[in-house]
Every structure is written in structure tokens, then in C-alpha cells.
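The structure appears below as C-alpha cells.
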Amino acid sequence: MKKREYEYIEKSIYRKNIIMFIQTLEEVLFYYSFESYKMSALNSHFLCWDLLQTKNNIDNKSIMEGNFIPLAEEFENVLENDIVLKAYIPEIDVILRRRDKLGVMVDYKKADLKAKINKYAEAAGYIREISEANDIYLNTIFNKLIENIFTEENGYSNWNAIYSLTRILVTELVNVGYSPEYISHEMRKTFLDNRIKIKCEEQLLIDFFSKFTFENKSYQVILGINAETAKILHYLKEITVKEPTGELRKQLNLNHKGDCIVELFLEDLDKYEAANAGCGYINTIIGLHRISQHHKPVYIKPFAQVNEIDDELNILSSRIIKIDKNILLRANNESQVQSYFFDNQLLNKIQTPESFLRAVSLHNSALDSKEPTNQLLDLWTAMETLIGFKSGDEDKINVVCDILTSVLNRIYLYTHMVQLHKDILAVLGEVGDKFISNVSGDEQVIWKLAKVLSVSAYQKDYDVLYKLLEEYPLLQYRMKNFSKKIFVDSKSVYEELIRHKHKIRWQVMRIYRNRNMIVHDGEHMPYLDIILGNLHYYIDAMFDLLIEYYHLGIKKNQYIFYHVQKEEVRYWNILGLDEKGKKIIPQEITELNYSTIIFNGYEGNAIKNVVKEAVANMERKHLLESK
């Protein structure tokens, strides 16, 4: 969350809803966004695409039937909960049911897997066909957003709708072909230019939505290349190699004497996609050439000039675009001092398993690569290397899912509170820091924040913090979401964790299917970049867990994962799950038990907390000495 002033948005009963939309849109598009806040790989429209593609792959025997099971679960969930489909497909509630010859209702959800594959694919094909007719799916998203933004209500219910619809919209635009960079650029230009007074009118959103016509535009893409690449491309008629002007030398970072530019014309949805397409085309040519000339130092410079042009080749607009962005790279998570400590400990002080070092090498290879499919293959291999064992006759993929969901659920709610705390400090600064620190008790601040959101005795603190966030409805929404939905009692906490386990399992299986597609036929689904970011987060979470346990003296990965899974079983018992795993007895969240019910006592990575405190003490000492 970025601190912003919104004085340029006029006072109106719709103002907070519009800001809620803006903040959600900015967050979901932000490159370094928190994992749970990033755009979703799929919405209901593209889930139908995924389901149909998976059935096709099963029919072609490129993947096993078991790959359909998590998709079927996700499909059932979408049909039950999706607010967009419900708006224009009235029969959605019975789409997986029919009456037999005797008039008895037959539920396909109870059918065997082979029947589900056929019947669910038929339903998905129908939904996709309806959704794409006259762009009704996209238009419904637009209309539902306008409906929920331009209402006098600005409470949890319609904020939840705005939040969900905004995320669905971004997923739709990206999977259809728009780049996140283009959507972000248009968002900033429309909503975040404080030199322009914004009127809280429906036309504001209509103008923004009109930026996405789904019509290709004509572009001239100019890329910088080195001398060796220029020699190769000179022979191609489809493109033009030229000497760069002085201005282009500077803009495209052409520092060597022989550097040239290559010019090509193509059509795409936006400038960023055009730059990527042009770069991909030239890289393909280079790749073909290097089959026989392995040693040649050929490459493209990391910038492009992209000009939108009309039919007469008049330039309508121009933009310099950076094209070598690695979607796996992100802001530093830890300080350099902490990193040096772990580097030294893991290399020289702790006898780490060979599988860990192999996974580290694969992780490093993924970070250095610029090709998403290679990145995914490296990271998936790293995942399997870290797990490295099977449990009896269980399939390896099920072992991966079981272990990974337990690892991620261990830190799920704690990480959410860490991120909410960061966001509060980002927008409130010292005021927010002082407020949370002054909440009664000697716990760490992350626990204190959870206490304010979950324990009724701290309602006054909750009200004060909520009021402080008046200009940040997205954070107010999060406060309400935790206090009124997730942190209600032990049952609501359990339900959130189970929901998260299902989502992780569906996403892991989606990554696995795409991995198989890449290996078998070189194809993948359009959401590759999104699931690649998810996989990277999963790997980092596993590294974090293993490093913690290695420092505690446990060196075998199998026993580390075993302990985490048994701790999860014990946690379910604490939350009140009965022995049969069928029923949970709700327990009130109080000041005495909130840390156990919400976090299972988890306080963050124990080793990192110690190092972090030591670093903080060093910095405080240095500050005092400098005074």
C-alpha cells in the first residue's frame, strides 16, 4: 500500500467507493505486491478455458485423468460463488444437475471421474460460449463495478464486491492479452494524476473501461542490437537494420561503436505487448542462428522504442519501454547483514543436505533466466528436489501438494498480519507505529494487531485504528474482513485455513499441468507469468522453513516436513475439529487464547527474529554513538 493524498477527488457519497476501486486496482497490478494480493491466474471465464484444455490433454493422453480432480473442485466452487456468472446465467445453480427419466434429480458432483470429465467439460463449453457472446462476461464485470461503486452504501458488502470484481477484471484483461504495465499506465493516468480534478461520476469509469477495446493497433518497434546480431538480421526482408540516431543511442543504451537498431512493424493490443512480441521475434531468429553458431555474442539491448502508428505510418504516440524485466526478481526481503549471516552459516557452519544446495542452484538458475518456461521448469525441479521422497504408494504430486499446503498454512495468517502491519505503517507512519505499539500487552506488534482485530475487549482500539485509516478504504475493508469474517471464532479461522489449502492445491496442480504441457509439447496457458510468481513464492517459503530447522539442528528434510504436518494436525484439534474430521466446535477468541487459535503460537521465523533483533540493536547503538 502506497501513501497517497486524494484531495483531487471531489467530495461525494461515492468517493470512498471510487478510492476503494483505485487502491485495489493499484495493489493487484503492483509488481512487488504481497503474494495473496497479486492478480489471480484465473477467473470463471478462463477457468472454463483451462478445464476444456485439460480435458483435451487427457483425451490425447498427454496427462493423466487425475489432473482433472482439482479442476472439478474449483469449477464447483466457482459455480456456487461467482457473482459475475450469477448475473447473466440464471440456470447456473443447476448447471451440474439434471432430471432422469423418473424425474429424479441427478447431481454430477456425485458422479465418477470419467463422467465428471465429460459433463463438466460440456458445462464449461456452454459457459464459455455464453460468456464470449457480445463480450457479456466483460460487460457484466464493468456493469457490476459501476453498480457497486455508485451506491450510497460504502460498507463491507459492497467493498467486498468491488474488491472481487476488480481482481476478476484484471485477470480477464491480462489473460486476453493486455499487459499489466499497460493497465497500470492507464490506471495512473486516469485516477492518480493529482493535477486533474476527479469528479465522482459514472463517466469516469466508463472512460477508463473504454481504454480496453480489444482491438489490435499498429506499432513500429525499434530495438537496439549489437554488431553481430546486425550481421544476422541484415539478410531478412521483414525487418530493417539501421544506424541509430544520437537520440536513440542514448534512449536505447547503445554504448558500443558497432551497435545498431532493428525496426519492425506489427500489431498488438498495447505498446508493452508489442515490445515483447518484437523482442520475442528477434530472439527466435537469434536462437535459430545459434543452433549452428553457439559461440556468437548476439543479443538485444534491454530497451525498445515503441511508436503507435496509423495507416499512413504517421506516429501517433511514442514510448521507451524496458523489456528485460524478470518477473521473479523483487525487492529485498531481508537486510544485507541478515543475508550475510545466513550465507556464512549455511555454507560454513551447518551441514546442509545436498538436495538443499541443488535446489539453491536451480533457484539461482531461474532468477538468471529471462525465459518463463525455463524458469518454471527450474523452480518445479527445485521443489521436487527439496521434497525428494514419496509417501508409500502415493503419487509424488499429491505428496508435493500435502507438504506445501501445510508449509504455507503454517505462516498464512501470520504473514497476512505482517503485511497489514506494513501497510498501516506505510500510510500512517509514526502515528500507526505508536498506536499499535501502545496496545496493552508485551507481545510482538504482529500479535497485538491480531488481538485488536479479534478480541472484543479491544473494540475501542479497533475503532480508533479504523478511523485513522479513513482515506484508505482498502485497509478498512481488510480490518473488517479479518474481524467480522475470519477472526470471529475458532471455526471461522479453520474455514479460512481450509479455503487457503484448497486454493494452494488448485494452484499447485495448475502449475504441474503447465509444467507437463511445456515438457510434452512446448505449450502453456496464457497465465504462465502469474503462476510462475506463485511458484517462486512457494519455493521461497520452503527455503525459509528449512533454513529455520537447519539452524535448530534438524537436517533431514523428510523429518522437517513430517513435524510441520503433525503440528498442523495438532492445530486442527486446538481449533476444535472432532476425531472424525467432520465437525468443528466453535470456540470464542479471547485475550488468553487468540495467539493459539489464530497463529498456533507461531511468532515468525525464530532464527530470523533473533538476527533481526541483533541487527536492530547494532543500528540503535551506531545511531547513539553517531550523536
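Please note that chains go A, B, ... in the order of the C-alpha cells, that every chain numbers its residues from 1, and that ligands are numbered from 1 in the order shown.
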Sorted by chain and rising residue number, list the residues of stretch 495-606 of chain A at most 10 Å from stretch 382-385 of chain A (counting only C-alpha atoms), each with its closest atom pair and distance in Å to one decimal, as a tab-separated table.
```
residue	atom	partner	partner_atom	distance
A:Leu535	CA	A:Met383	CA	8.9
A:His536	CA	A:Met383	CA	9.7
A:Tyr538	CA	A:Met383	CA	8.5
A:Ile539	CA	A:Met383	CA	6.4
A:Asp540	CA	A:Met383	CA	9.9
A:Met542	CA	A:Met383	CA	8.4
A:Phe543	CA	A:Met383	CA	9.8
```
Determine, counting only C-alpha atoms, which protein, DNA and RNA residues have an atom within 12 Å of an atom of stretch 279-287 of chain A; residues of the same chain fewer than 2 positions away are not included. Present the result as a ChimeraX atom specification. /A:221-226,228-236,238-241,261-266,272-277,289-306,321-324,370-371
Quick one: pull the distance between atom CA of A:Met64 and atom CA of A:Glu122, Å, one decimal.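 For atom CA of A:Met64 relative to atom CA of A:Glu122, the distance reads 19.2 Å.
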Residues of stretch 203-408 of chain A in helix (DSSP H, G or I), written as a ChimeraX atom specification: /A:203-209,227-233,246-251,271-289,336-349,354-368,372-387,396-408
Taking 3 positions as the minimum chain separation for residues in the same chain, which residues sit within 6 Å of A:Asn43 when counting only C-alpha atoms? Answer as a compact mmCIF listing (two decimals) with N, CA and C atoms, in the first residue's frame.
```
# COMPACT_ATOMS: atom_id res chain seq x y z
N PHE A 46 -11.88 -17.91 -17.69
CA PHE A 46 -10.68 -18.62 -18.09
C PHE A 46 -10.51 -19.96 -17.38
N LEU A 47 -11.24 -20.16 -16.29
CA LEU A 47 -11.27 -21.50 -15.70
C LEU A 47 -11.93 -22.47 -16.67
N ILE A 168 -11.14 -9.76 -10.63
CA ILE A 168 -11.65 -10.53 -11.77
C ILE A 168 -11.38 -9.77 -13.07
```
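Our summary of the geometry notes that atom CA of A:Glu74 is positioned 9.4 Å from atom CA of A:Ser44.
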Close residues, A:Gly533 itself excluded, 9 Å, only C-alpha atoms, min 4 positions apart in chain, as a short mmCIF file (atom, residue, chain, number, x, y, z; two decimals) with N, CA, C and O atoms, in the first residue's frame:
```cif
data_model
loop_
_atom_site.label_atom_id
_atom_site.label_comp_id
_atom_site.auth_asym_id
_atom_site.auth_seq_id
_atom_site.Cartn_x
_atom_site.Cartn_y
_atom_site.Cartn_z
N GLU A 35 1.99 -11.68 -1.95
CA GLU A 35 1.53 -12.84 -2.71
C GLU A 35 0.01 -12.96 -2.78
O GLU A 35 -0.57 -13.18 -3.84
N ILE A 327 10.29 -11.47 -14.07
CA ILE A 327 9.14 -11.44 -13.18
C ILE A 327 9.43 -12.10 -11.83
O ILE A 327 8.65 -11.96 -10.89
N LEU A 328 10.54 -12.81 -11.70
CA LEU A 328 10.87 -13.46 -10.43
C LEU A 328 11.62 -12.51 -9.49
O LEU A 328 11.65 -12.75 -8.28
N LEU A 528 0.84 -17.95 -17.57
CA LEU A 528 2.11 -18.52 -17.13
C LEU A 528 2.86 -17.61 -16.16
O LEU A 528 3.38 -18.06 -15.13
N ASP A 529 2.95 -16.31 -16.47
CA ASP A 529 3.69 -15.39 -15.62
C ASP A 529 3.12 -15.34 -14.20
O ASP A 529 3.85 -15.20 -13.22
N TYR A 537 7.17 -17.90 -4.92
CA TYR A 537 6.83 -17.65 -3.51
C TYR A 537 6.81 -18.96 -2.71
O TYR A 537 7.29 -19.02 -1.58
N TYR A 538 6.26 -20.01 -3.30
CA TYR A 538 6.20 -21.31 -2.62
C TYR A 538 7.61 -21.83 -2.31
O TYR A 538 7.87 -22.33 -1.21
#
```
